[in-house]
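Reviewing the structure listed below.
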Amino acid sequence: MQISPMTELEAVNEMLSAINESPISTLEGMNDIDAINAQKILATINRQFQARGWSFNHFESYTFNPDSYYKKIYWLDTILYIKADNKYIKRGKFMYDLTNNTFYFPSPITADVILLTDFEDMPESAREYIVAKASTEFAMRYLGDPILLEGLKMREQEAWTYFNEYEHTNNTYNMLSNTYISGLKQR
């Protein structure tokens, strides 16, 4: 048996096993209400986790290109956060410049963004944490067994530690660049 990164199906099955439910064979056309609820909780936890921005889904100076005819920029459904000199929001299917009150973009714009990444495209440590947290949430909602929850919370904490090791390895953190520390230095 070949070991490969966790898929969304495996994640849902992991959550089902946390409450002693049978695994499913596909995510397509599910009829099992527990599997449907597990998948919804997984998606919610995934979005909440990724919205914080991590090394794998935070992009500085991301370029948005307007279409060549209307000079509008289509809003990507994967945008969780956007920050630029101007304030941009979603209006319908397009990006809207609130600063200049326009949909018109004569040239490309750049912004810092956090993008929702597909489950299979995230680092394994992020997937492990999301599944551990989602399993805890799922068991808490549907079982509430304190002994089971204690074990799941421990697993969640281990996965959080594992993910933080990944983040620290893949980033160059400097205490002096921290906003709070910078403010203290100016005093």
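Residues are named by chain letter and number: chains run A, B, ... in the order of the structure tokens, numbers start at 1 in each chain, and ligands are numbered from 1 in the order shown.
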Which polymer residues have any atom within 8 Å of an atom of region 52-55 of chain A, counting only C-alpha atoms, with same-chain residues fewer than 5 positions away left out, as an mmCIF file with N, CA and C atoms, in the first residue's frame?
data_model
loop_
_atom_site.group_PDB
_atom_site.id
_atom_site.type_symbol
_atom_site.label_atom_id
_atom_site.label_comp_id
_atom_site.auth_asym_id
_atom_site.auth_seq_id
_atom_site.Cartn_x
_atom_site.Cartn_y
_atom_site.Cartn_z
ATOM 1 N N ILE A 114 -5.119 36.781 0.559
ATOM 2 C CA ILE A 114 -5.165 35.436 1.126
ATOM 3 C C ILE A 114 -6.182 34.694 0.280
ATOM 4 N N GLU A 167 5.168 25.947 9.715
ATOM 5 C CA GLU A 167 5.143 27.386 9.442
ATOM 6 C C GLU A 167 6.466 28.053 9.824
ATOM 7 N N ASN A 170 9.178 27.246 7.308
ATOM 8 C CA ASN A 170 9.001 27.825 5.975
ATOM 9 C C ASN A 170 8.897 29.342 5.957
ATOM 10 N N ASN A 171 9.134 29.994 7.068
ATOM 11 C CA ASN A 171 9.085 31.450 7.135
ATOM 12 C C ASN A 171 10.299 31.971 7.883
#
Using DSSP secondary structure from the backbone, list all alpha helix (DSSP H) positions within chain A, as a PyMOL selection string. chain A and resi 8-18+33-50+124-142+146-169+179-185
For Glu124 (chain A), the nearest of the candidates A:Asp67, A:Glu150, A:Glu8, A:Glu60, counting only C-alpha atoms: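 When distances to Glu124 (chain A) are compared using only C-alpha atoms, the smallest one comes from A:Glu8.
Nearest residue to Asn57 (chain A), choosing from A:Pro23, A:Pro5, A:Pro123, A:Pro108 and counting only C-alpha atoms: A:Pro123.
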Nearest-residue call for Ile73 (chain A), choices A:Ala11, A:Ile24, A:Met95, A:Ile130, using only C-alpha atoms: A:Met95
Write out as a PyMOL selection string the residues lying within 12 Å of Met6 (chain A), counting only C-alpha atoms and excluding same-chain residues fewer than 2 positions away. chain A and resi 2-4+8-14+119-131
Could you pull out all residues of region 18-169 of chain A with a DSSP call of strand (DSSP E or B) and give them as a compact mmCIF listing (two decimals) with C-alpha atoms, in the first residue's frame?
# COMPACT_ATOMS: atom_id res chain seq x y z
CA HIS A 58 -0.82 34.42 1.50
CA PHE A 59 0.49 36.22 -1.56
CA GLU A 60 2.11 39.64 -1.52
CA SER A 61 1.84 41.79 -4.65
CA TYR A 62 -0.66 39.47 -6.34
CA THR A 63 -1.55 40.86 -9.78
CA PHE A 64 -5.14 41.22 -10.96
CA TYR A 74 -13.47 39.42 -12.27
CA ILE A 79 -10.32 35.52 -2.22
CA LEU A 80 -10.56 35.42 1.57
CA TYR A 81 -8.79 38.74 2.21
CA ILE A 82 -7.49 41.56 0.07
CA LYS A 83 -5.43 44.59 1.09
CA TYR A 88 -11.45 46.77 -3.14
CA ILE A 89 -14.64 44.81 -2.58
CA LYS A 90 -16.80 42.33 -4.48
CA ARG A 91 -19.83 43.73 -6.34
CA PHE A 94 -16.49 41.96 -10.33
CA MET A 95 -13.97 43.82 -8.22
CA TYR A 96 -15.08 47.30 -7.24
CA ASP A 97 -12.71 50.12 -6.27
CA THR A 102 -15.51 52.49 -10.06
CA ILE A 109 -3.53 46.21 -9.95
CA THR A 110 -1.54 44.51 -7.22
CA ALA A 111 -2.66 43.65 -3.72
CA ASP A 112 -1.79 41.41 -0.81
CA VAL A 113 -4.26 38.55 -0.77
CA ILE A 114 -5.16 35.44 1.13
CA LEU A 115 -6.59 32.83 -1.22
List the spatial neighbours of Tyr142 (chain A) as a PyMOL selection string - criterion: any atom at most 10 Å away, only C-alpha atoms, same-chain residues fewer than 3 positions off excluded. chain A and resi 19+34+37+137-139+145
Could the residues in this selection be saved with N, CA and C atoms as a short mmCIF file (atom, residue, chain, number, x, y, z; two decimals), in the first residue's frame?
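Heads up, here's the output in out_11.cif:
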data_model
loop_
_atom_site.label_atom_id
_atom_site.label_comp_id
_atom_site.auth_asym_id
_atom_site.auth_seq_id
_atom_site.Cartn_x
_atom_site.Cartn_y
_atom_site.Cartn_z
N ILE A 19 -16.43 9.33 15.43
CA ILE A 19 -17.69 9.07 16.15
C ILE A 19 -18.16 7.63 15.90
N ASP A 34 -24.60 11.82 8.25
CA ASP A 34 -23.39 12.07 9.03
C ASP A 34 -22.23 12.48 8.12
N ASN A 37 -22.83 16.06 6.94
CA ASN A 37 -22.51 17.01 8.02
C ASN A 37 -21.00 17.09 8.25
N GLU A 137 -14.83 19.22 16.50
CA GLU A 137 -16.09 19.96 16.34
C GLU A 137 -17.24 19.01 16.00
N PHE A 138 -16.99 18.08 15.10
CA PHE A 138 -18.00 17.12 14.67
C PHE A 138 -18.45 16.25 15.85
N ALA A 139 -17.50 15.72 16.60
CA ALA A 139 -17.83 14.87 17.76
C ALA A 139 -18.54 15.67 18.85
N ASP A 145 -19.45 13.26 24.05
CA ASP A 145 -18.81 12.37 25.02
C ASP A 145 -17.52 13.02 25.52
#
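Distance annotation: of A:Glu158, A:Glu21, A:Asp118, A:Glu165, the residue with the minimal separation from Thr7 (chain A) is A:Asp118; atom set is only C-alpha atoms.
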Nearby residues (only C-alpha atoms) at most 10 Å from Thr99 (chain A), same-chain spacing under 6 positions excluded, as a ChimeraX atom specification: /A:85-88
Rank A:Thr136, A:Leu16, A:Gly151, A:Ile45 by their smallest atom-to-atom distance to Asp32 (chain A), using only C-alpha atoms, and report the top residue only.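 Among the listed residues, the smallest separation from Asp32 (chain A) belongs to A:Leu16.
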Could you state the separation of CA of Glu156 (chain A) and CA of Lys133 (chain A) in Å, given to one decimal place?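 Taking CA of Glu156 (chain A) as the start and CA of Lys133 (chain A) as the end point, the length is 5.6 Å.
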